[in-house]
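To be precise, the following lines are model14.cif, and they hold mmCIF, C-alpha atoms.
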```cif
data_data
#
loop_
_atom_site.label_atom_id
_atom_site.label_comp_id
_atom_site.auth_asym_id
_atom_site.auth_seq_id
_atom_site.Cartn_x
_atom_site.Cartn_y
_atom_site.Cartn_z
CA MET L 1 0.00 0.00 0.00
CA ARG L 2 1.27 3.52 -0.85
CA LEU L 3 -0.20 6.62 0.79
CA SER L 4 0.15 10.00 -0.88
CA GLY L 5 -0.35 13.61 0.24
CA LEU L 6 -0.14 12.95 4.00
CA PHE L 7 -0.77 15.78 6.44
CA VAL L 8 -1.94 16.13 10.05
CA LYS L 9 -5.61 17.06 10.21
CA ASP L 10 -6.19 17.54 13.90
CA VAL L 11 -4.88 16.64 17.34
CA LYS L 12 -7.05 16.11 20.41
CA GLU L 13 -5.87 15.75 23.97
CA GLY L 14 -7.29 13.69 26.82
CA GLU L 15 -6.57 10.37 28.47
CA GLY L 16 -4.30 9.50 25.57
CA GLN L 17 -4.29 11.59 22.40
CA VAL L 18 -5.82 11.23 18.97
CA LEU L 19 -3.88 12.07 15.83
CA VAL L 20 -5.80 12.12 12.55
CA VAL L 21 -3.65 11.84 9.45
CA LYS L 22 -5.31 12.68 6.13
CA ALA L 23 -4.10 10.93 2.99
CA ALA L 24 -4.92 12.38 -0.41
CA GLY L 25 -4.89 8.90 -1.84
CA VAL L 26 -4.10 5.26 -1.32
CA THR L 27 -2.75 3.29 -4.23
CA GLY L 28 -2.58 -0.39 -5.00
CA MET L 29 -4.57 -1.89 -2.12
CA ARG L 30 -8.16 -2.22 -0.93
CA VAL L 31 -8.48 -0.78 2.58
CA THR L 32 -11.54 -1.16 4.82
CA LYS L 33 -12.64 0.07 8.24
CA SER L 34 -11.96 -3.28 9.81
CA GLN L 35 -8.22 -3.06 9.18
CA ALA L 36 -6.08 -1.89 12.11
CA LEU L 37 -2.37 -1.31 12.66
CA GLY L 38 -0.48 -1.14 15.97
CA THR L 39 2.83 0.64 16.56
CA GLN L 40 4.59 1.14 19.90
CA GLY L 41 1.38 1.29 21.92
CA ALA L 42 -0.53 3.34 19.35
CA VAL L 43 -3.83 2.04 17.97
CA CYS L 44 -4.43 2.96 14.35
CA ARG L 45 -7.81 2.67 12.68
CA VAL L 46 -9.09 3.52 9.23
CA ARG L 47 -11.77 6.16 9.69
CA THR L 48 -13.20 6.40 6.18
CA LYS L 49 -13.84 3.50 3.86
CA ALA L 50 -11.34 3.49 1.03
CA GLU L 51 -12.08 1.06 -1.74
CA GLY L 52 -10.96 1.47 -5.29
CA PRO L 53 -9.55 -0.36 -8.26
CA SER L 54 -5.86 -1.13 -8.17
CA GLY L 55 -3.89 1.95 -9.14
CA ALA L 56 -6.66 4.41 -8.26
CA ASP L 57 -6.25 7.09 -5.58
CA THR L 58 -8.93 7.11 -2.88
CA PRO L 59 -9.27 9.54 0.09
CA LEU L 60 -8.29 8.00 3.40
CA GLU L 61 -7.98 9.01 7.05
CA LEU L 62 -5.89 7.11 9.58
CA VAL L 63 -6.81 7.67 13.23
CA PHE L 64 -4.04 7.06 15.79
CA HIS L 65 -4.95 6.69 19.47
CA LEU L 66 -1.70 7.56 21.20
CA PRO L 67 -0.72 7.36 24.87
CA PRO L 68 0.49 10.83 25.98
CA PRO L 69 4.26 10.05 25.90
CA LEU L 70 4.08 9.25 22.16
CA LEU L 71 2.73 12.58 20.97
CA ALA L 72 3.42 16.13 22.13
CA ALA L 73 0.71 18.78 21.86
CA PRO L 74 1.36 21.48 19.24
CA GLY L 75 3.46 24.31 20.61
CA SER L 76 4.40 22.42 23.75
CA GLY L 77 8.06 22.18 22.75
CA ALA L 78 8.12 18.50 23.57
CA GLY L 79 9.86 16.25 21.09
CA PRO L 80 10.59 12.55 20.79
CA SER L 81 12.93 12.65 23.78
CA THR L 82 10.70 14.83 25.97
CA CYS L 83 7.54 13.48 27.58
CA PRO L 84 4.50 15.75 28.01
CA ALA L 85 3.32 16.54 31.52
CA VAL L 86 1.44 13.72 33.23
CA SER L 87 -2.22 14.48 33.89
CA ALA L 88 -3.63 14.42 37.42
CA THR L 89 -5.66 11.28 36.71
CA GLU L 90 -2.62 9.44 35.32
CA ALA L 91 -0.56 10.46 38.35
CA GLU L 92 -3.21 8.84 40.55
CA GLY L 93 -2.70 5.51 38.80
CA PRO L 94 -4.12 3.54 35.86
CA TRP L 95 -7.75 2.48 35.63
CA MET L 96 -8.52 -1.13 36.52
CA THR L 97 -11.52 -3.36 35.84
CA LEU L 98 -12.18 -6.90 37.05
CA LEU L 99 -14.56 -8.97 34.89
CA HIS L 100 -16.16 -12.34 35.43
CA LEU L 101 -16.55 -14.33 32.21
CA ASP L 102 -19.21 -17.00 32.55
CA HIS L 103 -17.73 -19.53 30.14
CA MET L 104 -15.57 -20.09 27.07
CA ARG L 105 -16.72 -22.78 24.68
CA ALA L 106 -14.18 -21.91 21.99
CA LYS L 107 -11.42 -21.26 24.52
CA ALA L 108 -8.40 -21.05 22.20
CA ARG L 109 -10.06 -18.55 19.86
CA TYR L 110 -11.58 -16.58 22.75
CA VAL L 111 -8.21 -16.25 24.52
CA ARG L 112 -6.48 -15.26 21.29
CA THR L 113 -9.08 -12.56 20.69
CA VAL L 114 -8.75 -11.17 24.22
CA ARG L 115 -4.96 -11.01 23.79
CA GLN L 116 -5.33 -9.16 20.49
CA TRP L 117 -7.78 -6.62 21.91
CA ALA L 118 -5.58 -5.95 24.93
CA ALA L 119 -2.50 -5.48 22.75
CA ALA L 120 -4.30 -3.18 20.30
CA LEU L 121 -5.65 -1.00 23.12
CA GLY L 122 -2.41 -0.91 25.10
CA LEU L 123 -3.91 -2.74 28.10
CA THR L 124 -2.09 -4.98 30.55
CA GLY L 125 -3.46 -7.38 33.14
CA ARG L 126 -4.37 -11.00 33.71
CA LEU L 127 -6.78 -13.54 32.23
CA MET L 128 -7.10 -16.08 35.04
CA PHE L 129 -8.57 -19.58 35.01
CA MET L 130 -9.26 -21.74 38.06
CA GLY L 131 -11.54 -24.65 37.39
CA ARG L 132 -14.69 -23.17 35.84
CA VAL L 133 -13.99 -19.68 37.15
CA ILE L 134 -12.71 -17.16 34.59
CA LEU L 135 -11.55 -13.72 35.72
CA LEU L 136 -10.24 -10.94 33.52
CA LEU L 137 -8.31 -8.10 35.16
CA LEU L 138 -7.57 -5.15 32.87
CA GLN L 139 -5.32 -2.16 33.51
CA GLY L 140 -4.66 0.93 31.41
CA HIS L 141 -6.14 4.25 30.31
CA ARG L 142 -9.78 4.48 31.31
CA ASP L 143 -11.00 5.24 27.78
CA ARG L 144 -9.15 2.21 26.41
CA VAL L 145 -10.68 -0.02 29.09
CA LYS L 146 -14.11 1.30 28.10
CA GLU L 147 -13.35 0.48 24.46
CA TYR L 148 -12.46 -3.05 25.49
CA LEU L 149 -15.78 -3.44 27.34
CA VAL L 150 -17.65 -2.37 24.21
CA LEU L 151 -15.78 -4.98 22.18
CA GLN L 152 -16.49 -7.63 24.81
CA LYS L 153 -20.23 -6.94 24.68
CA THR L 154 -20.72 -6.43 20.95
CA SER L 155 -18.32 -8.88 19.25
CA ARG L 156 -19.00 -12.52 18.41
CA VAL L 157 -16.15 -13.80 20.51
CA ASP L 158 -17.43 -17.28 21.45
CA VAL L 159 -19.69 -20.03 20.07
CA ASP L 160 -23.03 -21.31 21.34
CA SER L 161 -23.99 -24.93 22.05
CA SER L 162 -24.56 -25.54 18.33
CA GLY L 163 -21.13 -24.17 17.39
CA LYS L 164 -22.47 -20.91 15.95
CA ARG L 165 -20.48 -17.76 16.73
CA CYS L 166 -22.12 -15.63 19.42
CA ARG L 167 -21.66 -12.62 21.67
CA GLU L 168 -20.59 -12.83 25.30
CA ARG L 169 -23.85 -11.95 27.05
CA MET L 170 -23.03 -13.13 30.56
CA ALA L 171 -19.83 -11.21 31.32
CA SER L 172 -20.15 -8.99 34.40
CA VAL L 173 -18.03 -6.21 35.90
CA LEU L 174 -17.12 -7.17 39.48
CA TRP L 175 -15.07 -4.07 40.30
CA GLU L 176 -13.59 -0.99 38.65
CA ALA L 177 -11.57 1.90 40.04
CA ARG L 178 -8.21 3.63 39.94
CA ALA L 179 -5.40 1.28 40.90
CA PRO L 180 -5.31 1.19 44.72
CA PRO L 181 -2.22 2.23 46.71
CA GLY L 182 0.31 -0.56 46.90
CA HIS L 183 -0.72 -2.14 43.61
CA SER L 184 2.22 -3.35 41.52
CA ARG L 185 1.49 -2.27 37.95
CA PHE L 186 1.24 -5.05 35.42
CA LEU L 187 3.96 -4.83 32.80
CA ALA L 188 2.22 -7.12 30.31
CA PHE L 189 -0.99 -9.00 29.61
CA GLU L 190 -0.71 -12.63 30.70
CA VAL L 191 -2.94 -15.70 30.67
CA LYS L 192 -2.62 -17.85 33.78
CA GLU L 193 -4.09 -21.17 34.88
CA PHE L 194 -4.43 -21.97 38.60
CA SER L 195 -5.06 -25.36 40.13
CA SER L 196 -6.08 -24.21 43.60
CA LEU L 197 -7.82 -21.40 45.43
CA ASP L 198 -4.60 -20.61 47.28
CA GLU L 199 -2.71 -20.05 44.01
CA LEU L 200 -5.39 -17.65 42.82
CA ARG L 201 -5.30 -15.78 46.13
CA LYS L 202 -1.51 -15.42 45.92
CA GLU L 203 -1.84 -13.90 42.43
CA PHE L 204 -4.06 -11.16 43.86
CA GLU L 205 -1.70 -10.67 46.80
CA THR L 206 1.37 -10.40 44.57
CA ALA L 207 -0.34 -7.65 42.59
CA GLY L 208 -1.22 -5.77 45.78
CA LEU L 209 -4.93 -6.48 45.27
CA GLU L 210 -5.50 -8.80 48.22
CA ALA L 211 -8.60 -6.87 49.34
CA LEU L 212 -10.30 -7.69 46.03
CA PHE L 213 -10.05 -11.43 46.46
CA PRO L 214 -12.56 -11.92 49.31
CA GLU L 215 -14.79 -9.10 48.03
CA CYS L 216 -15.04 -10.09 44.36
CA ALA L 217 -13.51 -13.48 43.63
CA LEU L 218 -13.96 -15.76 46.64
CA GLY L 219 -17.73 -16.09 46.24
CA LEU L 220 -17.35 -17.33 42.68
CA VAL L 221 -15.23 -20.34 43.60
CA LYS L 222 -17.24 -21.59 46.58
#
```
Written form, structure tokens:
Amino acid sequence: MRLSGLFVKDVKEGEGQVLVVKAAGVTGMRVTKSQALGTQGAVCRVRTKAEGPSGADTPLELVFHLPPPLLAAPGSGAGPSTCPAVSATEAEGPWMTLLHLDHMRAKARYVRTVRQWAAALGLTGRLMFMGRVILLLLQGHRDRVKEYLVLQKTSRVDVDSSGKRCRERMASVLWEARAPPGHSRFLAFEVKEFSSLDELRKEFETAGLEALFPECALGLVK
């Protein structure tokens, strides 16, 4: 794919930043809204549908959702080696959400999809299995966590009893808040299997989330 006539259209600030790059044309490839690119924590989406015969130029917008360190606001003087000021909400800690997933019939595909969504949105955390209990702990920018929840509710991520792809209708949010004091930030998104209640409890304790275990998780495994 070759893009021509690139220029920055607008920049918006918030919990993460949005950079819209306008392309006068795209040559030699069919591009649709469903395509997405990731680069160093940025999430890139195609905003306008661009479909055309090979060799034809078609208008295109690429929308980059960037964490604050990756993009400086215009006129701020910050460059690649200078990070913008951290917002008050970021200084307080990342947003966290604990989900209970009722079941996974197509487990391998479901897990792969969750990993892909987390990576695309720049989220870290844990997908935890213990017997029939499935817990998903997400950490990151609040807006990105909200985007994940929309995907979880609206995408056909699993299959029903007949093998037909279906949405996850029984996922529930057990807890959400800013990361509590003493929490050790997750550096990556990991999938973990536990064989005992004690192992699951230790995972919460290691992350500095021991108070969550009796409040949100213990009742599910009894």
query = Which neighbours of segment 213-217 of chain L fall inside 7 Å, counting all atoms listed in the file, when residues of the same chain fewer than 6 positions from it are skipped, and could you give them as a PyMOL selection string?
reply = chain L and resi 174+201+204
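With only C-alpha atoms as the atoms that count, the minimum distance from Val191 of chain L to the choices L:Leu220, L:Ala108, L:Ala118, L:Met128 is reached by L:Met128.
Take atom CA of Thr154 of chain L and atom CA of Glu168 of chain L: the distance between them is 7.7 Å.
Residue nearest Arg169 of chain L, chosen from L:Leu136, L:Met104, L:Leu212, L:Met96 and counting only C-alpha atoms: L:Met104.
Closest to Gly93 of chain L among L:Gly208, L:Gly219, L:Pro181, L:Gly163 is L:Pro181, based on all atoms listed in the file.
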inquiry  = Set the distance at 6 Å and use all atoms listed in the file: which residues neighbour Gly125 of chain L once local chain neighbours fewer than 2 positions away are removed? I'd like the list as an MDAnalysis selection string.
reply    = chainID L and resid 137:139 186 189
ask   = If we count all atoms listed in the file, what is near Arg105 of chain L at a cut-off of 8 Å, once residues fewer than 4 positions away on the same chain are taken out, given as a PyMOL selection string?
value = chain L and resi 158-160
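Atom pair atom CA of Ala207 of chain L / atom CA of Leu151 of chain L has a distance of 25.7 Å (rounded to one decimal).
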key: Expected residue set, 10 Å radius at (-5.9, -2.8, 50.2), all atoms listed in the file, as a list in words   = Pro180, Pro181, Gly182, His183, Glu205, Gly208, Leu209, Glu210, Ala211 and Leu212 of chain L
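For the atom pair formed by atom CA of Asp102 of chain L and atom CA of Arg185 of chain L, the distance is 26.0 Å, given to one decimal.
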Top pick for closest residue to Asp143 of chain L, considering L:Lys192, L:Pro94, L:Thr113, L:Leu187 and counting only C-alpha atoms = L:Pro94
